[in-house]
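start.pdb follows (PDB, C-alpha atoms):
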ATOM      1  CA  MET F   1      94.774  73.641  79.231
ATOM      2  CA  SER F   2      92.605  74.695  82.199
ATOM      3  CA  ARG F   3      91.891  72.233  84.970
ATOM      4  CA  PHE F   4      88.401  73.658  85.452
ATOM      5  CA  SER F   5      85.354  74.443  83.370
ATOM      6  CA  LEU F   6      83.886  77.958  83.322
ATOM      7  CA  GLU F   7      80.436  76.372  83.071
ATOM      8  CA  ASN F   8      80.815  75.417  86.746
ATOM      9  CA  TYR F   9      80.857  79.072  87.825
ATOM     10  CA  GLU F  10      78.063  81.628  88.049
ATOM     11  CA  THR F  11      78.341  85.049  86.524
ATOM     12  CA  VAL F  12      77.944  87.941  88.949
ATOM     13  CA  GLU F  13      74.767  88.848  87.065
ATOM     14  CA  ASP F  14      73.312  85.357  87.633
ATOM     15  CA  ARG F  15      74.339  85.422  91.283
ATOM     16  CA  HIS F  16      72.677  88.825  91.706
ATOM     17  CA  ALA F  17      69.489  87.712  89.918
ATOM     18  CA  ARG F  18      69.263  84.612  92.126
ATOM     19  CA  ALA F  19      69.718  86.719  95.262
ATOM     20  CA  LEU F  20      66.989  89.117  94.087
ATOM     21  CA  GLN F  21      64.589  86.212  93.596
ATOM     22  CA  GLU F  22      65.183  85.095  97.169
ATOM     23  CA  HIS F  23      65.182  88.646  98.594
ATOM     24  CA  PRO F  24      63.138  91.050  96.409
ATOM     25  CA  ASP F  25      64.119  94.028  98.620
ATOM     26  CA  LEU F  26      67.838  93.214  98.288
ATOM     27  CA  ARG F  27      70.152  96.220  98.484
ATOM     28  CA  CYS F  28      73.676  96.208  97.029
ATOM     29  CA  VAL F  29      75.852  99.229  97.722
ATOM     30  CA  ILE F  30      79.295  99.890  96.261
ATOM     31  CA  VAL F  31      81.498 102.342  98.173
ATOM     32  CA  ASN F  32      84.513 103.820  96.420
ATOM     33  CA  HIS F  33      87.346 104.026  98.964
ATOM     34  CA  THR F  34      89.958 105.127  96.429
ATOM     35  CA  THR F  35      92.327 107.735  97.843
ATOM     36  CA  PRO F  36      94.453 110.250  95.939
ATOM     37  CA  GLU F  37      97.438 108.050  96.822
ATOM     38  CA  ASP F  38      95.695 105.058  95.209
ATOM     39  CA  ARG F  39      95.025 107.052  92.040
ATOM     40  CA  ALA F  40      98.662 108.146  91.960
ATOM     41  CA  VAL F  41      99.488 104.472  91.332
ATOM     42  CA  SER F  42      96.518 103.990  88.943
ATOM     43  CA  THR F  43      94.521 101.945  91.453
ATOM     44  CA  TRP F  44      90.830 101.791  92.366
ATOM     45  CA  VAL F  45      89.688 100.421  95.756
ATOM     46  CA  VAL F  46      86.024  99.579  96.379
ATOM     47  CA  GLU F  47      83.841  97.863  98.947
ATOM     48  CA  ALA F  48      80.567  96.067  98.203
ATOM     49  CA  ARG F  49      77.913  95.823 100.899
ATOM     50  CA  VAL F  50      74.939  93.486 100.547
ATOM     51  CA  TYR F  51      71.805  94.111 102.627
ATOM     52  CA  LYS F  52      68.841  91.709 102.695
ATOM     53  CA  ASP F  53      66.335  94.561 102.811
ATOM     54  CA  ALA F  54      65.770  98.275 103.406
ATOM     55  CA  GLY F  55      65.642  97.789 107.189
ATOM     56  CA  ASP F  56      69.090  96.216 107.263
ATOM     57  CA  GLN F  57      70.392  98.989 105.033
ATOM     58  CA  ALA F  58      68.859 101.702 107.261
ATOM     59  CA  ALA F  59      70.434 100.080 110.332
ATOM     60  CA  ASP F  60      73.698  99.566 108.381
ATOM     61  CA  ILE F  61      73.729  95.836 109.077
ATOM     62  CA  PRO F  62      75.088  94.281 105.888
ATOM     63  CA  LYS F  63      74.676  90.553 105.405
ATOM     64  CA  ALA F  64      78.145  90.583 103.817
ATOM     65  CA  THR F  65      80.888  92.961 102.703
ATOM     66  CA  GLU F  66      83.818  92.452 100.365
ATOM     67  CA  TRP F  67      86.624  94.548  98.944
ATOM     68  CA  ALA F  68      88.420  94.589  95.615
ATOM     69  CA  PHE F  69      91.034  96.646  93.868
ATOM     70  CA  GLU F  70      92.059  96.909  90.244
ATOM     71  CA  VAL F  71      94.834  98.747  88.434
ATOM     72  CA  ASP F  72      94.237 100.807  85.295
ATOM     73  CA  GLY F  73      95.671  99.261  82.167
ATOM     74  CA  THR F  74      96.332  95.757  83.515
ATOM     75  CA  GLY F  75      94.507  92.895  81.855
ATOM     76  CA  MET F  76      91.843  93.205  79.236
ATOM     77  CA  ALA F  77      88.914  94.787  81.093
ATOM     78  CA  ASN F  78      91.172  97.154  83.019
ATOM     79  CA  GLN F  79      92.360  98.811  79.818
ATOM     80  CA  THR F  80      89.152 100.878  79.924
ATOM     81  CA  SER F  81      87.069  99.745  82.901
ATOM     82  CA  ALA F  82      89.214  99.068  85.962
ATOM     83  CA  LEU F  83      86.772 100.760  88.357
ATOM     84  CA  GLU F  84      83.814  98.823  86.988
ATOM     85  CA  ASN F  85      85.826  95.597  87.141
ATOM     86  CA  ALA F  86      86.659  96.205  90.809
ATOM     87  CA  CYS F  87      82.981  96.869  91.573
ATOM     88  CA  THR F  88      81.895  93.646  89.875
ATOM     89  CA  SER F  89      84.560  91.602  91.678
ATOM     90  CA  ALA F  90      83.651  92.981  95.096
ATOM     91  CA  LEU F  91      79.920  92.540  94.489
ATOM     92  CA  GLY F  92      80.308  88.975  93.235
ATOM     93  CA  ARG F  93      82.236  87.952  96.340
ATOM     94  CA  ALA F  94      79.893  89.809  98.716
ATOM     95  CA  LEU F  95      76.903  88.048  97.173
ATOM     96  CA  ARG F  96      78.771  84.763  97.540
ATOM     97  CA  TRP F  97      79.297  85.329 101.256
ATOM     98  CA  ALA F  98      75.791  86.688 101.799
ATOM     99  CA  PHE F  99      73.963  83.750 100.277
ATOM    100  CA  ALA F 100      75.386  80.296 100.897
ATOM    101  CA  GLY F 101      75.034  77.911  98.025
ATOM    102  CA  SER F 102      76.731  80.013  95.403
ATOM    103  CA  LYS F 103      79.335  78.272  93.304
ATOM    104  CA  GLY F 104      82.468  79.765  94.867
ATOM    105  CA  PRO F 105      84.364  82.350  92.848
ATOM    106  CA  SER F 106      82.421  84.121  90.152
ATOM    107  CA  ARG F 107      82.821  83.204  86.526
ATOM    108  CA  ALA F 108      84.554  86.565  85.894
ATOM    109  CA  GLU F 109      87.181  85.752  88.519
ATOM    110  CA  MET F 110      87.791  82.329  86.998
ATOM    111  CA  GLU F 111      88.060  83.867  83.513
ATOM    112  CA  LYS F 112      91.009  85.869  84.853
ATOM    113  CA  VAL F 113      92.588  82.628  86.019
ATOM    114  CA  GLN F 114      91.941  80.988  82.675
ATOM    115  CA  ARG F 115      93.563  83.890  80.810
ATOM    116  CA  GLY F 116      96.590  83.394  83.020
ATOM    117  CA  ALA F 117      96.642  86.919  84.318
ATOM    118  CA  THR F 118     100.235  87.913  84.937
ATOM    119  CA  PRO F 119     100.864  88.660  88.611
ATOM    120  CA  ARG F 120     102.023  92.154  89.477
ATOM    121  CA  ASP F 121     105.726  92.711  89.994
ATOM    122  CA  TRP F 122     105.408  94.537  93.297
ATOM    123  CA  LEU F 123     109.151  95.108  93.691
ATOM    124  CA  ALA F 124     109.565  96.603  90.218
ATOM    125  CA  GLU F 125     106.653  98.944  90.904
ATOM    126  CA  GLY F 126     108.116  99.857  94.300
ATOM    127  CA  ASN F 127     111.534 100.597  92.856
ATOM    128  CA  LYS F 128     109.967 103.112  90.455
ATOM    129  CA  LEU F 129     108.335 105.066  93.284
ATOM    130  CA  ASP F 130     110.103 107.894  95.066
ATOM    131  CA  ASP F 131     107.382 108.771  97.568
ATOM    132  CA  VAL F 132     106.965 107.000 100.918
ATOM    133  CA  LYS F 133     103.177 107.463 100.921
ATOM    134  CA  GLN F 134     102.858 105.871  97.487
ATOM    135  CA  LEU F 135     105.041 102.986  98.669
ATOM    136  CA  ARG F 136     102.760 102.473 101.662
ATOM    137  CA  VAL F 137      99.759 102.281  99.351
ATOM    138  CA  LEU F 138     101.608  99.809  97.138
ATOM    139  CA  TRP F 139     102.559  97.724 100.202
ATOM    140  CA  ALA F 140      98.875  97.550 101.246
ATOM    141  CA  GLN F 141      97.896  96.505  97.730
ATOM    142  CA  ALA F 142     100.647  93.879  97.677
ATOM    143  CA  LYS F 143      99.507  92.477 101.009
ATOM    144  CA  GLN F 144      95.874  92.361  99.856
ATOM    145  CA  GLY F 145      97.013  90.855  96.564
ATOM    146  CA  GLY F 146      98.730  87.940  98.307
ATOM    147  CA  ALA F 147     102.373  88.989  97.956
ATOM    148  CA  ASP F 148     104.806  86.796  99.866
ATOM    149  CA  LYS F 149     106.443  87.955 103.135
ATOM    150  CA  GLU F 150     109.825  88.559 101.496
ATOM    151  CA  THR F 151     108.295  90.917  98.924
ATOM    152  CA  LEU F 152     106.487  92.829 101.681
ATOM    153  CA  LYS F 153     109.744  93.087 103.668
ATOM    154  CA  GLN F 154     111.580  94.442 100.629
ATOM    155  CA  LEU F 155     108.855  97.050 100.038
ATOM    156  CA  GLU F 156     109.102  98.070 103.706
ATOM    157  CA  ALA F 157     112.887  98.393 103.360
ATOM    158  CA  ARG F 158     112.445 100.579 100.263
ATOM    159  CA  ALA F 159     110.016 102.820 102.181
ATOM    160  CA  ARG F 160     112.494 103.152 105.084
ATOM    161  CA  GLU F 161     115.262 103.958 102.623
ATOM    162  CA  LEU F 162     113.158 106.696 101.018
ATOM    163  CA  GLY F 163     112.056 108.015 104.395
ATOM    164  CA  HIS F 164     115.665 108.399 105.509
ATOM    165  CA  SER F 165     116.754 109.998 102.241
ATOM    166  CA  GLU F 166     113.976 112.561 102.635
ATOM    167  CA  GLY F 167     115.142 113.271 106.164
ATOM    168  CA  GLY F 168     111.828 112.111 107.643
ATOM    169  CA  ASP F 169     110.372 109.099 109.344
ATOM    170  CA  SER F 170     109.035 106.253 107.270
TER     171      SER F 170
END

Reformat the file's structure so that it appears as C-alpha cells.
Amino acid sequence: MSRFSLENYETVEDRHARALQEHPDLRCVIVNHTTPEDRAVSTWVVEARVYKDAGDQAADIPKATEWAFEVDGTGMANQTSALENACTSALGRALRWAFAGSKGPSRAEMEKVQRGATPRDWLAEGNKLDDVKQLRVLWAQAKQGGADKETLKQLEARARELGHSEGGDS
C-alpha cells in the first residue's frame, strides 16, 4: 500500500494551467537533446525551458530549466510514448522550479512511484554493449538516474575493458 495519496499532487496540465493564469504570456520550450548514441540505446533526452514572457524568451533568460530522459519500452507509457513522457516530466519539474508553491513532484511522477517502477539494471545493460561510446551514454544515464557509485565504477571499468580490447583509448 502506498504511503502517499495521489490527490496531494498536481498534474502537469494543472501546474501549466495555473502558471498560465499567473503569467498569460508564459512560454514553455522543449528541446530534444537526443543524440544518435542515445537512440542506439533506445533513449530520449529532453530539456524543458520555462520563460515568464516573450521578452525573457527573446533574451534567452529562462525562469527555470529541467531535464528528463526516458527509455523506449520501459513502463506503461514508454511502450509507445517515451519521448512524450520525457517531455512531460521535464516540463512538470521546470514549472515546479519556476513557480514556487507547486506541490512538489507532479502527479505523473508519483504515479510511477505508486506503480513501483522497476529500476534499470545498469550493469546488465552495460554488459550487453560492445561499444565504448554507447557505454559512455549509458554511464551518463545511470548517473542522472541515481545509480550508486559502485555501479558507475563498474560501468567505467567495462568501458576501459572495451577500449583496450579495441586497441583504443577509453

Next item on the list: State, in Å with one decimal place, the distance from CA of Glu47 in chain F to CA of Gly146 in chain F.
Entry: 17.9 Å

Next item on the list: Could you tell me which of F:Thr74, F:Thr80, F:Gln134, F:Ser89 comes closest to Arg120 in chain F if we count only C-alpha atoms?
Entry: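 For Arg120 in chain F, the nearest of the candidates is F:Thr74.
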
Suppose a student applies the PyMOL selection byres ((chain F and resi 48-64) around 6) to this structure; what residues should they get, written as a compact mmCIF listing (two decimals) with C-alpha atoms, in the coordinates of the input?
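So the final result, stored in expr04.txt, reads:
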# COMPACT_ATOMS: atom_id res chain seq x y z
CA ASP F 25 64.12 94.03 98.62
CA LEU F 26 67.84 93.21 98.29
CA ARG F 27 70.15 96.22 98.48
CA CYS F 28 73.68 96.21 97.03
CA VAL F 29 75.85 99.23 97.72
CA ILE F 30 79.30 99.89 96.26
CA GLU F 47 83.84 97.86 98.95
CA THR F 65 80.89 92.96 102.70
CA GLU F 66 83.82 92.45 100.36
CA ALA F 90 83.65 92.98 95.10
CA LEU F 91 79.92 92.54 94.49
CA ALA F 94 79.89 89.81 98.72
CA TRP F 97 79.30 85.33 101.26
CA ALA F 98 75.79 86.69 101.80

Next item on the list: Name the residues that the PyMOL selection byres ((chain F and resi 15) around 9) pulls out of this structure, and write them as a list in words.
Entry: Glu10, Thr11, Val12, Glu13, Asp14, His16, Ala17, Arg18, Ala19, Leu20, Gly92, Leu95, Arg96, Ser102, Lys103 and Ser106 of chain F

Next item on the list: Specify as a PyMOL selection string each residue included when the PyMOL selection byres ((chain F and resi 137) around 10) is applied to this file.
Entry: chain F and resi 35+37-41+43+132-136+138-143

Take the residues from that selection and put them in a file with C-alpha atoms, as a PDB file, in the frame of the given file.
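Below is the file that was written, part22.pdb:
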ATOM      1  CA  THR F  35      92.327 107.735  97.843  1.00  0.00           C
ATOM      2  CA  GLU F  37      97.438 108.050  96.822  1.00  0.00           C
ATOM      3  CA  ASP F  38      95.695 105.058  95.209  1.00  0.00           C
ATOM      4  CA  ARG F  39      95.025 107.052  92.040  1.00  0.00           C
ATOM      5  CA  ALA F  40      98.662 108.146  91.960  1.00  0.00           C
ATOM      6  CA  VAL F  41      99.488 104.472  91.332  1.00  0.00           C
ATOM      7  CA  THR F  43      94.521 101.945  91.453  1.00  0.00           C
ATOM      8  CA  VAL F 132     106.965 107.000 100.918  1.00  0.00           C
ATOM      9  CA  LYS F 133     103.177 107.463 100.921  1.00  0.00           C
ATOM     10  CA  GLN F 134     102.858 105.871  97.487  1.00  0.00           C
ATOM     11  CA  LEU F 135     105.041 102.986  98.669  1.00  0.00           C
ATOM     12  CA  ARG F 136     102.760 102.473 101.662  1.00  0.00           C
ATOM     13  CA  LEU F 138     101.608  99.809  97.138  1.00  0.00           C
ATOM     14  CA  TRP F 139     102.559  97.724 100.202  1.00  0.00           C
ATOM     15  CA  ALA F 140      98.875  97.550 101.246  1.00  0.00           C
ATOM     16  CA  GLN F 141      97.896  96.505  97.730  1.00  0.00           C
ATOM     17  CA  ALA F 142     100.647  93.879  97.677  1.00  0.00           C
ATOM     18  CA  LYS F 143      99.507  92.477 101.009  1.00  0.00           C
TER      19      LYS F 143
END

Checklist line | Length of the CA of Phe69 in chain F to CA of Asn85 in chain F vector [Å] | finding: 8.6 Å

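The spacing separating CA of Ala124 in chain F from CA of Leu155 in chain F amounts to 9.9 Å.
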
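Distances to Asn32 in chain F were evaluated for F:Val45, F:Leu162, F:Leu129, F:Leu123 using only C-alpha atoms, and the minimum falls at F:Val45.
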
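Applying the 10 Å criterion to (83.9, 105.2, 89.3) in file coordinates and using only C-alpha atoms, one obtains the residues F:Ile30, F:Val31, F:Asn32, F:Thr34, F:Trp44, F:Val45, F:Val46, F:Ser81, F:Ala82, F:Leu83, F:Glu84, F:Ala86, F:Cys87.
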